[in-house]
Amino acid sequence: MISLGIDTSNYTTSCALYDSKSGIISQRKKLLPVKPGEKGIRQSDAVFHHTAQLYPLIEDLLSETALRPEAVGFSDKPRDADGSYMPCFTVGVNSARCIAASLGVPAFGFSHQAGHIMAALYSAGRTDLADREFIAFHFSGGTTEALFVTPGNERIFCCKIIGRTLDINCGQVIDRAGVMLGLDFPCGREIEKLALCSDKSFSPKVCVKDGNCCLSGVENLCSDMLDSGESREDIAAFCLAYVGKTIEKMAQSAKERYGNLPMIFAGGVSSDSIIRKNITEKFGACFAQPDYSCDNAAGTALLAYKRGKLYVG
């Protein structure tokens, strides 16, 4: 089966093809433009840019093969929860349904979070976990959650939140610190480069209780360091140390409550090499490869394949 996945989230327009025979995923994606100095983008602007960017990406993706999709998947909401909604997903929803209707093939909706989890399982070589219980961590600019995942309904996964941020998200902390340091948004990759140039080590006291975290004070701490004349490299290292320590405490809480279930990490923050190294050493966790950590349609294409098999059956 050839399945097409589409994801129009903040902050990437993406599409992907999955060939179940070869097991290969081909994808195209493009970041939404964010003005210098800005810390985000309005939903109305996101919808406009997705609309402009999606067609050229799909055209280029489909031009590399004579095969045509037999199922189409799309991200229709941030999470599988009542009231979960963002306008930017409507671009992908409508495009996917139009493509499916024109080809006479089924179209299936999934949450953006489920796509992240599936992409992580694929790139870590652990798609076997899709039929088992495991712990997933989704850390990005819009989400900071620990999840108990079980095989689910037609949307493939059932996710129970077992830990979350009580204020802002990990990715927001990193982006705000990065903009403060003069980096372009989104700032994850550039702040990691700065941090790797620091020769200081930090062991910050973080706020994690019952698996939930608070991160709102990090920006002020970074600002204080900047005012005190600390180097940009050391500020970046401190920021990532704080986020990494928070993630570590959340993972430890999940392990204490759910035992030694496999752990998988997804989302843009999980692509950071410093955070990956520490968590992998302490918990033996699996991480999405960097190209499958940030927003992408690969997981949605895989979910469409799995759902398509049920549909045919």
# chains A, B, ... in the order shown; residues from 1 in each chain; ligands from 1
>>> closest_atom_pairs(of="stretch 169-242 of chain A", to="stretch 293-309 of chain A", cutoff="12 Å", atoms="only C-alpha atoms", output="Markdown table")
| residue | atom | partner | partner_atom | distance |
| --- | --- | --- | --- | --- |
| A:Gly171 | CA | A:Cys294 | CA | 10.9 |
| A:Pro186 | CA | A:Cys294 | CA | 10.9 |
| A:Gly188 | CA | A:Cys294 | CA | 10.1 |
| A:Arg189 | CA | A:Cys294 | CA | 10.9 |
>>> closest_atom_pairs(of="stretch 171-234 of chain A", to="stretch 38-49 of chain A", cutoff="8 Å", atoms="only C-alpha atoms", output="JSON lines")
{"residue": "A:Asp175", "atom": "CA", "partner": "A:Lys39", "partner_atom": "CA", "distance": 6.9}
{"residue": "A:Arg176", "atom": "CA", "partner": "A:Lys39", "partner_atom": "CA", "distance": 6.6}
{"residue": "A:Val179", "atom": "CA", "partner": "A:Lys39", "partner_atom": "CA", "distance": 7.0}
{"residue": "A:Phe185", "atom": "CA", "partner": "A:Lys39", "partner_atom": "CA", "distance": 6.4}
{"residue": "A:Pro186", "atom": "CA", "partner": "A:Lys39", "partner_atom": "CA", "distance": 7.8}
>>> write_last_selection(atoms="C-alpha atoms", output="CSV table (one decimal), in the first residue's frame")
chain,number,residue,atom,x,y,z
A,175,ASP,CA,12.5,29.8,21.8
A,176,ARG,CA,12.1,32.7,24.2
A,179,VAL,CA,15.1,35.2,20.7
A,185,PHE,CA,12.7,31.7,15.6
A,186,PRO,CA,12.3,28.7,15.9
>>> closest_residue(among="A:Ala16, A:Leu221, A:Ile117, A:Val208", to="A:Ala254", atoms="only C-alpha atoms")
A:Val208
>>> closest_residue(among="A:His112, A:Ser75, A:Phe157, A:Ala146", to="A:Arg132", atoms="only C-alpha atoms")
A:Phe157
>>> select_by_dssp(residues="stretch 44-270 of chain A", states="alpha helix (DSSP H)", output="VMD selection string")
chain A and resid 44 to 62 89 to 103 112 to 123 170 to 180 188 to 195 218 to 227 232 to 258
>>> residues_around(residues="stretch 198-203 of chain A", least_positions_apart="5", cutoff="8 Å", atoms="only C-alpha atoms", output="VMD selection string")
chain A and resid 233 to 234 237 to 238 241 to 242 245
>>> residues_around(residues="stretch 53-57 of chain A", least_positions_apart="2", cutoff="7 Å", atoms="only C-alpha atoms", output="ChimeraX atom specification")
/A:13,15,28-29,49-51,59-61
>>> closest_residue(among="A:Gly125, A:Gly244, A:Pro151, A:Pro78", to="A:Ile264", atoms="only C-alpha atoms")
A:Gly125
>>> closest_residue(among="A:Cys213, A:Val243, A:Ile274, A:Leu32", to="A:Leu166", atoms="only C-alpha atoms")
A:Cys213
>>> closest_residue(among="A:Glu281, A:Asp167, A:Asp76, A:Asp128", to="A:Ser111", atoms="only C-alpha atoms")
A:Asp76
>>> residues_around(residues="A:Ser123", least_positions_apart="6", cutoff="8 Å", atoms="only C-alpha atoms", output="VMD selection string")
chain A and resid 288 to 289 292
>>> write_last_selection(atoms="N, CA and C atoms", output="short mmCIF file (atom, residue, chain, number, x, y, z; two decimals), in the first residue's frame")
data_model
loop_
_atom_site.label_atom_id
_atom_site.label_comp_id
_atom_site.auth_asym_id
_atom_site.auth_seq_id
_atom_site.Cartn_x
_atom_site.Cartn_y
_atom_site.Cartn_z
N ALA A 288 13.10 9.78 18.50
CA ALA A 288 12.93 9.99 17.07
C ALA A 288 14.22 10.59 16.51
N GLN A 289 14.61 10.15 15.32
CA GLN A 289 15.73 10.79 14.66
C GLN A 289 15.38 12.25 14.38
N TYR A 292 12.73 13.33 12.06
CA TYR A 292 11.39 12.86 12.40
C TYR A 292 10.94 13.37 13.78
#
>>> atom_distance(atom1="atom CA of A:Thr165", atom2="atom CA of A:Leu196")
26.1 Å
>>> residues_around(residues="stretch 190-193 of chain A", least_positions_apart="6", cutoff="7 Å", atoms="only C-alpha atoms", output="PyMOL selection string")
chain A and resi 178+183+236+272
>>> write_last_selection(atoms="C-alpha atoms", output="CSV table (one decimal), in the first residue's frame")
chain,number,residue,atom,x,y,z
A,178,GLY,CA,16.9,32.0,21.8
A,183,LEU,CA,18.6,33.9,17.3
A,236,ALA,CA,22.2,28.6,26.1
A,272,ASP,CA,18.4,18.2,20.9
>>> select_by_dssp(residues="stretch 83-247 of chain A", states="strand (DSSP E)", output="PyMOL selection string")
chain A and resi 107-111+134-139+144-151+157-164+207-209+212-214
>>> write_last_selection(atoms="N, CA and C atoms", output="compact mmCIF listing (two decimals), in the first residue's frame")
# COMPACT_ATOMS: atom_id res chain seq x y z
N ALA A 107 -9.85 8.53 3.28
CA ALA A 107 -9.09 9.56 4.00
C ALA A 107 -9.33 9.39 5.49
N PHE A 108 -8.27 9.47 6.28
CA PHE A 108 -8.35 9.24 7.71
C PHE A 108 -7.70 10.38 8.48
N GLY A 109 -8.37 10.84 9.53
CA GLY A 109 -7.84 11.90 10.36
C GLY A 109 -7.19 11.36 11.63
N PHE A 110 -6.09 11.99 12.01
CA PHE A 110 -5.38 11.63 13.23
C PHE A 110 -4.93 12.91 13.92
N SER A 111 -4.58 12.80 15.18
CA SER A 111 -4.06 13.98 15.86
C SER A 111 -2.60 14.21 15.48
N PHE A 134 3.28 1.48 26.12
CA PHE A 134 4.58 2.15 26.28
C PHE A 134 4.33 3.56 26.80
N ILE A 135 5.42 4.23 27.17
CA ILE A 135 5.36 5.61 27.62
C ILE A 135 5.91 6.51 26.52
N ALA A 136 5.17 7.52 26.15
CA ALA A 136 5.63 8.47 25.13
C ALA A 136 5.76 9.85 25.77
N PHE A 137 6.77 10.57 25.35
CA PHE A 137 6.97 11.95 25.79
C PHE A 137 6.95 12.84 24.56
N HIS A 138 6.12 13.86 24.62
CA HIS A 138 5.96 14.79 23.49
C HIS A 138 6.37 16.18 23.99
N PHE A 139 7.54 16.62 23.56
CA PHE A 139 8.08 17.91 23.98
C PHE A 139 8.32 18.79 22.77
N THR A 144 3.98 19.81 26.15
CA THR A 144 4.93 19.21 27.09
C THR A 144 4.16 18.17 27.89
N GLU A 145 4.20 16.92 27.43
CA GLU A 145 3.36 15.88 28.03
C GLU A 145 4.07 14.54 28.10
N ALA A 146 3.80 13.84 29.18
CA ALA A 146 4.15 12.43 29.32
C ALA A 146 2.86 11.64 29.14
N LEU A 147 2.90 10.56 28.37
CA LEU A 147 1.69 9.85 27.99
C LEU A 147 1.84 8.35 28.22
N PHE A 148 0.81 7.74 28.78
CA PHE A 148 0.71 6.28 28.84
C PHE A 148 -0.08 5.88 27.61
N VAL A 149 0.57 5.14 26.70
CA VAL A 149 -0.03 4.84 25.40
C VAL A 149 -0.38 3.37 25.32
N THR A 150 -1.60 3.09 24.87
CA THR A 150 -2.06 1.72 24.66
C THR A 150 -2.61 1.60 23.24
N PRO A 151 -2.62 0.37 22.68
CA PRO A 151 -3.24 0.18 21.37
C PRO A 151 -4.68 0.65 21.43
N PHE A 157 -3.88 4.99 18.43
CA PHE A 157 -3.36 5.10 19.80
C PHE A 157 -4.42 5.63 20.76
N CYS A 158 -4.37 5.15 22.00
CA CYS A 158 -5.08 5.78 23.11
C CYS A 158 -4.03 6.36 24.04
N CYS A 159 -4.07 7.64 24.26
CA CYS A 159 -3.04 8.32 25.05
C CYS A 159 -3.65 8.91 26.32
N LYS A 160 -3.12 8.51 27.46
CA LYS A 160 -3.54 9.06 28.74
C LYS A 160 -2.42 9.95 29.27
N ILE A 161 -2.73 11.21 29.55
CA ILE A 161 -1.73 12.13 30.07
C ILE A 161 -1.38 11.75 31.51
N ILE A 162 -0.09 11.53 31.76
CA ILE A 162 0.37 11.19 33.12
C ILE A 162 1.33 12.25 33.66
N GLY A 163 1.60 13.26 32.87
CA GLY A 163 2.45 14.36 33.29
C GLY A 163 2.39 15.46 32.25
N ARG A 164 2.45 16.72 32.70
CA ARG A 164 2.32 17.83 31.74
C ARG A 164 2.87 19.11 32.36
N CYS A 207 11.36 22.41 38.90
CA CYS A 207 10.07 22.25 39.58
C CYS A 207 9.25 21.16 38.91
N VAL A 208 9.29 19.95 39.46
CA VAL A 208 8.51 18.82 38.97
C VAL A 208 7.86 18.13 40.17
N LYS A 209 6.54 17.99 40.14
CA LYS A 209 5.80 17.35 41.23
C LYS A 209 4.70 16.49 40.64
N ASN A 212 4.22 16.47 36.93
CA ASN A 212 3.92 17.74 36.26
C ASN A 212 5.05 18.74 36.51
N CYS A 213 5.23 19.66 35.58
CA CYS A 213 6.34 20.60 35.70
C CYS A 213 5.89 22.04 35.56
N CYS A 214 6.73 22.94 36.01
CA CYS A 214 6.56 24.38 35.82
C CYS A 214 7.86 24.93 35.21
>>> atom_distance(atom1="atom CA of A:Glu70", atom2="atom CA of A:Leu17")
10.5 Å
>>> residues_around(residues="A:Ala100", least_positions_apart="5", cutoff="9 Å", atoms="only C-alpha atoms", output="number ranges by chain")
A: 69-72, 95, 105-107
>>> write_last_selection(atoms="C-alpha atoms", output="JSON list (two decimals), in the first residue's frame")
[["chain", "number", "residue", "atom", "x", "y", "z"],
["A", 69, "PRO", "CA", -1.79, 6.87, -2.86],
["A", 70, "GLU", "CA", -4.24, 4.17, -1.83],
["A", 71, "ALA", "CA", -5.01, 5.93, 1.45],
["A", 72, "VAL", "CA", -4.61, 9.52, 2.64],
["A", 95, "SER", "CA", -6.55, 19.24, 0.94],
["A", 105, "VAL", "CA", -9.49, 6.29, -1.83],
["A", 106, "PRO", "CA", -10.23, 6.58, 1.91],
["A", 107, "ALA", "CA", -9.09, 9.56, 4.00]]
>>> atom_distance(atom1="atom CA of A:Tyr258", atom2="atom CA of A:Asp210")
12.8 Å
>>> closest_residue(among="A:Phe89, A:Gly37, A:Leu121, A:Asp227", to="A:Met263", atoms="only C-alpha atoms")
A:Leu121
